[in-house]
Amino acid sequence: MDRRQAALAHVKNQASKGDVEAILLALDDFAIHQEFLMNVGPEKGPLLQAKVSALSAGARVLELGCFCGYSAVLIGTALPEGGSLLGIEVDGESVQVARAMVDYAGLNGKVTIQHGSSDEVIPTLAGTFDLVFLDHWKELYKPDLLALESHGLIQPGGVVFADNVGPHFNPEAYLKHVRHSGRYDTEYHSSHIEYRDEEDGVEISVLRQTSFNAL
Ligand SMILES: C[S@@+](CC[C@H](N)C(=O)[O-])C[C@H]1O[C@@H](n2cnc3c(N)ncnc32)[C@H](O)[C@@H]1O
C-alpha cells in the first residue's frame, strides 16, 4: 500500500473522527515507527500554529504543498473566527489523502485542498493572503514567492512562513531574497528536520507595508 494511504488508514485506526490532536499524534507515530513522512512535524508545527492563531478574524491562509494534510489539519484547527485555508497540491494521490485527512478532522468548512501546480495556480488566485506557508519543493520557494508578490497576493503585514530552510536544503537563493530585498522583516528559527536529529530551520518573514513601487 502507498505510504500516504497507509498513514491515513493508521489515523483512522488510532484516532476518532474530529479528534485533531489524536490525528496529528497518529501521523507522528506512523512517521516515527513505520515510514518517514515529510510533515512539518511536532517540533516546527506549534510555531506555525502560533502564527496562524495570532491572525485576525477572517484571515486567509495559503499553503503550497499539502502531502498527507498534516499541516492543513494543524493550520485549519488554529484558524481564527471566519478564517480559511487554501492548500495547493500537485500530486493527485496526495490531494486525495489530504482531502480525506481534512474531512476526518472535521475541517471541511474551513480548509480547501486544490489540485494543481503552484506556478499554474498562483496567477489564477484573487484577493490577498494573511499568511503563506511554503512547504513544497524547495527550489520553488523563491520563484513562487516572486510570483505571489508580483500578483499582489500577500497582504502588507502578512506572514510568509517557509519550512525546511536549514543547511540541508540549499535555501540560499530564497533566504537572500527575504533577507536582502528590503521587502521583509525576517527571522530564522533553528529547529530540526521532522522526526530526525539533523539541523533544520524555518524562516518567518513579514511583508513590509511599504509599496513595491517605492522600493
Ligand atoms: C514537504 S511535503 C508537504 C508537507 C505538508 N505541508 C505537511 O507539513 O503536512 C511537499 C509537497 O509539495 C508538493 N509539491 C511539490 N511541488 C509542488 C508544486 N509546484 N505545487 C504544489 N505542490 C507541490 C509535493 O507533491 C508534496 O506533497
# chains A, B, ... in the order shown; residues from 1 in each chain; ligands from 1
$ select_by_dssp --residues "range 32-161 of chain A" --states "strand (DSSP E or B)" --output "count of residues only"
30
$ residues_near_ligand --ligand "ligand 1" --cutoff "7 Å" --atoms "only C-alpha atoms and all ligand atoms" --output "list in words"
Met38, Asn39, Val40, Gly41, Leu64, Gly65, Cys66, Phe67, Cys68, Gly69, Tyr70, Ser71, Ala72, Ile88, Glu89, Val90, Asp91, Ser94, Gly116, Ser117, Ser118, Asp119, Asp135, His136, Trp137 and Leu140 of chain A
$ residues_around --residues "Leu74 in chain A" --least-positions-apart "4" --cutoff "8 Å" --atoms "only C-alpha atoms" --output "JSON, numbers by chain"
{"A": [20, 24, 45, 49, 70, 78]}
$ closest_residue --among "A:Asn170, A:Asn13, A:Ser56, A:Gln5" --to "Glu81 in chain A" --atoms "only C-alpha atoms"
A:Ser56
$ residues_around --residues "Ile32 in chain A" --least-positions-apart "4" --cutoff "8 Å" --atoms "only C-alpha atoms" --output "mmCIF file with N, CA and C atoms, in the first residue's frame"
data_model
loop_
_atom_site.group_PDB
_atom_site.id
_atom_site.type_symbol
_atom_site.label_atom_id
_atom_site.label_comp_id
_atom_site.auth_asym_id
_atom_site.auth_seq_id
_atom_site.Cartn_x
_atom_site.Cartn_y
_atom_site.Cartn_z
ATOM 1 N N ASP A 28 2.293 11.437 13.486
ATOM 2 C CA ASP A 28 3.661 11.449 14.042
ATOM 3 C C ASP A 28 4.102 10.024 14.349
ATOM 4 N N PHE A 36 8.835 7.169 7.031
ATOM 5 C CA PHE A 36 9.035 8.620 7.127
ATOM 6 C C PHE A 36 7.952 9.372 6.341
ATOM 7 N N TYR A 195 11.129 14.577 12.633
ATOM 8 C CA TYR A 195 11.357 13.190 13.064
ATOM 9 C C TYR A 195 12.829 12.775 12.973
#
$ residues_around --residues "Gln155 in chain A" --least-positions-apart "5" --cutoff "9 Å" --atoms "only C-alpha atoms" --output "PyMOL selection string"
chain A and resi 127-131+207+209
$ residues_around --residues "Ala105 in chain A" --least-positions-apart "3" --cutoff "9 Å" --atoms "only C-alpha atoms" --output "ChimeraX atom specification"
/A:16-20,23,73,77,100-102,108
$ write_last_selection --atoms "N, CA and C atoms" --output "PDB file, in the first residue's frame"
ATOM      1  N   SER A  16     -10.109   9.079  16.785  1.00  0.00           N
ATOM      2  CA  SER A  16     -11.539   9.218  16.494  1.00  0.00           C
ATOM      3  C   SER A  16     -11.739  10.359  15.502  1.00  0.00           C
ATOM      4  N   LYS A  17     -12.807  10.270  14.723  1.00  0.00           N
ATOM      5  CA  LYS A  17     -13.143  11.334  13.767  1.00  0.00           C
ATOM      6  C   LYS A  17     -13.303  12.657  14.527  1.00  0.00           C
ATOM      7  N   GLY A  18     -12.685  13.701  14.050  1.00  0.00           N
ATOM      8  CA  GLY A  18     -12.831  15.020  14.674  1.00  0.00           C
ATOM      9  C   GLY A  18     -11.839  15.289  15.798  1.00  0.00           C
ATOM     10  N   ASP A  19     -11.076  14.288  16.232  1.00  0.00           N
ATOM     11  CA  ASP A  19     -10.102  14.490  17.317  1.00  0.00           C
ATOM     12  C   ASP A  19      -8.763  14.892  16.681  1.00  0.00           C
ATOM     13  N   VAL A  20      -8.615  16.200  16.459  1.00  0.00           N
ATOM     14  CA  VAL A  20      -7.468  16.726  15.722  1.00  0.00           C
ATOM     15  C   VAL A  20      -6.144  16.369  16.381  1.00  0.00           C
ATOM     16  N   ILE A  23      -5.324  12.819  15.740  1.00  0.00           N
ATOM     17  CA  ILE A  23      -4.996  12.609  14.316  1.00  0.00           C
ATOM     18  C   ILE A  23      -3.528  12.979  14.060  1.00  0.00           C
ATOM     19  N   VAL A  73      -4.377  20.209   8.533  1.00  0.00           N
ATOM     20  CA  VAL A  73      -5.164  19.979   9.758  1.00  0.00           C
ATOM     21  C   VAL A  73      -4.665  20.908  10.870  1.00  0.00           C
ATOM     22  N   THR A  77      -7.124  23.946  12.283  1.00  0.00           N
ATOM     23  CA  THR A  77      -7.621  23.963  13.656  1.00  0.00           C
ATOM     24  C   THR A  77      -7.197  25.231  14.416  1.00  0.00           C
ATOM     25  N   ALA A 100      -9.077  13.639   2.454  1.00  0.00           N
ATOM     26  CA  ALA A 100      -9.653  12.672   3.390  1.00  0.00           C
ATOM     27  C   ALA A 100      -9.240  13.006   4.831  1.00  0.00           C
ATOM     28  N   MET A 101      -8.002  13.479   4.982  1.00  0.00           N
ATOM     29  CA  MET A 101      -7.498  13.824   6.325  1.00  0.00           C
ATOM     30  C   MET A 101      -8.269  15.032   6.877  1.00  0.00           C
ATOM     31  N   VAL A 102      -8.462  16.025   6.018  1.00  0.00           N
ATOM     32  CA  VAL A 102      -9.190  17.234   6.413  1.00  0.00           C
ATOM     33  C   VAL A 102     -10.636  16.877   6.771  1.00  0.00           C
ATOM     34  N   ASN A 108     -13.708  20.488   6.900  1.00  0.00           N
ATOM     35  CA  ASN A 108     -14.122  20.753   5.519  1.00  0.00           C
ATOM     36  C   ASN A 108     -14.618  22.168   5.260  1.00  0.00           C
TER      37      ASN A 108
END
$ closest_residue --among "A:Leu47, A:Ala57, A:Leu85, A:Glu198" --to "Val132 in chain A" --atoms "only C-alpha atoms"
A:Leu85
$ residues_around --residues "Ile122 in chain A" --least-positions-apart "6" --cutoff "8 Å" --atoms "only C-alpha atoms" --output "ChimeraX atom specification"
/A:144,147-148
$ write_last_selection --atoms "N, CA and C atoms" --output "PDB file, in the first residue's frame"
ATOM      1  N   ASP A 144       8.176  31.080  -6.653  1.00  0.00           N
ATOM      2  CA  ASP A 144       6.754  31.192  -6.298  1.00  0.00           C
ATOM      3  C   ASP A 144       6.495  32.392  -5.387  1.00  0.00           C
ATOM      4  N   ALA A 147       6.304  35.266  -7.663  1.00  0.00           N
ATOM      5  CA  ALA A 147       5.008  35.272  -8.367  1.00  0.00           C
ATOM      6  C   ALA A 147       3.904  35.779  -7.438  1.00  0.00           C
ATOM      7  N   LEU A 148       3.921  35.354  -6.186  1.00  0.00           N
ATOM      8  CA  LEU A 148       2.909  35.839  -5.223  1.00  0.00           C
ATOM      9  C   LEU A 148       3.023  37.351  -5.062  1.00  0.00           C
TER      10      LEU A 148
END
$ closest_residue --among "A:Ala7, A:Val202, A:Ala15, A:Val159" --to "Pro171 in chain A" --atoms "only C-alpha atoms"
A:Val202
$ closest_residue --among "A:Asp185, A:Arg208, A:Leu79, A:Val11" --to "Lys51 in chain A" --atoms "only C-alpha atoms"
A:Leu79
$ closest_residue --among "A:Glu63, A:Asp29, A:Glu187, A:Glu194" --to "Pro42 in chain A" --atoms "only C-alpha atoms"
A:Glu194
$ atom_distance --atom1 "CA of Asp200 in chain A" --atom2 "CA of Phe169 in chain A"
8.4 Å
$ select_by_dssp --residues "range 23-190 of chain A" --states "helix (DSSP H, G or I)" --output "JSON, numbers by chain"
{"A": [23, 24, 25, 26, 27, 28, 29, 30, 31, 32, 33, 41, 42, 43, 44, 45, 46, 47, 48, 49, 50, 51, 52, 53, 70, 71, 72, 73, 74, 75, 76, 77, 78, 92, 93, 94, 95, 96, 97, 98, 99, 100, 101, 102, 103, 104, 118, 119, 120, 121, 122, 123, 124, 138, 139, 140, 141, 142, 143, 144, 145, 146, 147, 148, 149, 150, 167, 168, 169, 172, 173, 174, 175, 176, 177, 178, 179, 180]}
$ write_last_selection --atoms "C-alpha atoms" --output "JSON list (two decimals), in the first residue's frame"
[["chain", "number", "residue", "atom", "x", "y", "z"],
["A", 23, "ILE", "CA", -5.00, 12.61, 14.32],
["A", 24, "LEU", "CA", -1.71, 14.57, 14.38],
["A", 25, "LEU", "CA", -0.28, 12.22, 17.03],
["A", 26, "ALA", "CA", -1.21, 9.20, 14.89],
["A", 27, "LEU", "CA", 0.58, 10.75, 11.88],
["A", 28, "ASP", "CA", 3.66, 11.45, 14.04],
["A", 29, "ASP", "CA", 3.53, 7.87, 15.33],
["A", 30, "PHE", "CA", 3.34, 6.50, 11.77],
["A", 31, "ALA", "CA", 6.27, 8.68, 10.63],
["A", 32, "ILE", "CA", 8.43, 7.64, 13.59],
["A", 33, "HIS", "CA", 7.61, 3.93, 13.79],
["A", 41, "GLY", "CA", 6.02, 17.67, 12.32],
["A", 42, "PRO", "CA", 5.67, 18.19, 16.08],
["A", 43, "GLU", "CA", 8.69, 20.49, 16.61],
["A", 44, "LYS", "CA", 8.08, 23.15, 13.92],
["A", 45, "GLY", "CA", 4.30, 22.64, 13.80],
["A", 46, "PRO", "CA", 3.50, 24.55, 17.03],
["A", 47, "LEU", "CA", 5.43, 27.58, 15.73],
["A", 48, "LEU", "CA", 3.28, 27.58, 12.58],
["A", 49, "GLN", "CA", 0.15, 27.09, 14.65],
["A", 50, "ALA", "CA", 1.05, 30.06, 16.89],
["A", 51, "LYS", "CA", 1.44, 32.32, 13.84],
["A", 52, "VAL", "CA", -1.93, 31.20, 12.46],
["A", 53, "SER", "CA", -3.70, 31.66, 15.81],
["A", 70, "TYR", "CA", -0.80, 17.12, 8.36],
["A", 71, "SER", "CA", -0.16, 20.88, 8.19],
["A", 72, "ALA", "CA", -3.59, 21.51, 6.63],
["A", 73, "VAL", "CA", -5.16, 19.98, 9.76],
["A", 74, "LEU", "CA", -2.74, 21.84, 12.03],
["A", 75, "ILE", "CA", -3.46, 25.19, 10.33],
["A", 76, "GLY", "CA", -7.19, 24.52, 9.95],
["A", 77, "THR", "CA", -7.62, 23.96, 13.66],
["A", 78, "ALA", "CA", -5.69, 27.14, 14.56],
["A", 92, "GLY", "CA", -3.25, 13.58, -7.26],
["A", 93, "GLU", "CA", -2.74, 10.80, -4.70],
["A", 94, "SER", "CA", -1.64, 13.34, -2.07],
["A", 95, "VAL", "CA", -4.66, 15.52, -2.88],
["A", 96, "GLN", "CA", -6.95, 12.56, -2.21],
["A", 97, "VAL", "CA", -5.25, 11.71, 1.11],
["A", 98, "ALA", "CA", -5.07, 15.36, 2.26],
["A", 99, "ARG", "CA", -8.78, 15.86, 1.49],
["A", 100, "ALA", "CA", -9.65, 12.67, 3.39],
["A", 101, "MET", "CA", -7.50, 13.82, 6.32],
["A", 102, "VAL", "CA", -9.19, 17.23, 6.41],
["A", 103, "ASP", "CA", -12.60, 15.56, 6.24],
["A", 104, "TYR", "CA", -11.70, 13.14, 9.06],
["A", 118, "SER", "CA", 1.77, 26.27, -7.72],
["A", 119, "ASP", "CA", 3.11, 28.03, -10.84],
["A", 120, "GLU", "CA", -0.18, 27.43, -12.66],
["A", 121, "VAL", "CA", -2.50, 28.14, -9.71],
["A", 122, "ILE", "CA", -0.84, 31.31, -8.33],
["A", 123, "PRO", "CA", -1.74, 33.52, -11.33],
["A", 124, "THR", "CA", -5.40, 32.45, -11.00],
["A", 138, "LYS", "CA", 12.44, 23.81, -2.04],
["A", 139, "GLU", "CA", 13.80, 25.23, -5.33],
["A", 140, "LEU", "CA", 10.32, 26.65, -6.00],
["A", 141, "TYR", "CA", 10.20, 28.83, -2.87],
["A", 142, "LYS", "CA", 11.87, 31.85, -4.46],
["A", 143, "PRO", "CA", 10.15, 31.81, -7.90],
["A", 144, "ASP", "CA", 6.75, 31.19, -6.30],
["A", 145, "LEU", "CA", 7.26, 33.93, -3.71],
["A", 146, "LEU", "CA", 8.20, 36.32, -6.53],
["A", 147, "ALA", "CA", 5.01, 35.27, -8.37],
["A", 148, "LEU", "CA", 2.91, 35.84, -5.22],
["A", 149, "GLU", "CA", 4.50, 39.28, -4.85],
["A", 150, "SER", "CA", 4.00, 40.29, -8.48],
["A", 167, "PRO", "CA", 21.54, 23.90, 5.62],
["A", 168, "HIS", "CA", 20.45, 20.50, 4.23],
["A", 169, "PHE", "CA", 18.04, 22.17, 1.74],
["A", 172, "GLU", "CA", 20.49, 30.41, -0.11],
["A", 173, "ALA", "CA", 18.55, 31.96, -3.03],
["A", 174, "TYR", "CA", 15.31, 32.10, -1.04],
["A", 175, "LEU", "CA", 16.96, 33.45, 2.12],
["A", 176, "LYS", "CA", 18.87, 36.08, 0.13],
["A", 177, "HIS", "CA", 15.57, 37.36, -1.25],
["A", 178, "VAL", "CA", 13.65, 37.60, 2.04],
["A", 179, "ARG", "CA", 16.66, 38.96, 3.95],
["A", 180, "HIS", "CA", 18.08, 41.41, 1.41]]
$ closest_residue --among "A:Ser84, A:Ser190, A:Gln14, A:Ser205" --to "Val61 in chain A" --atoms "only C-alpha atoms"
A:Ser84
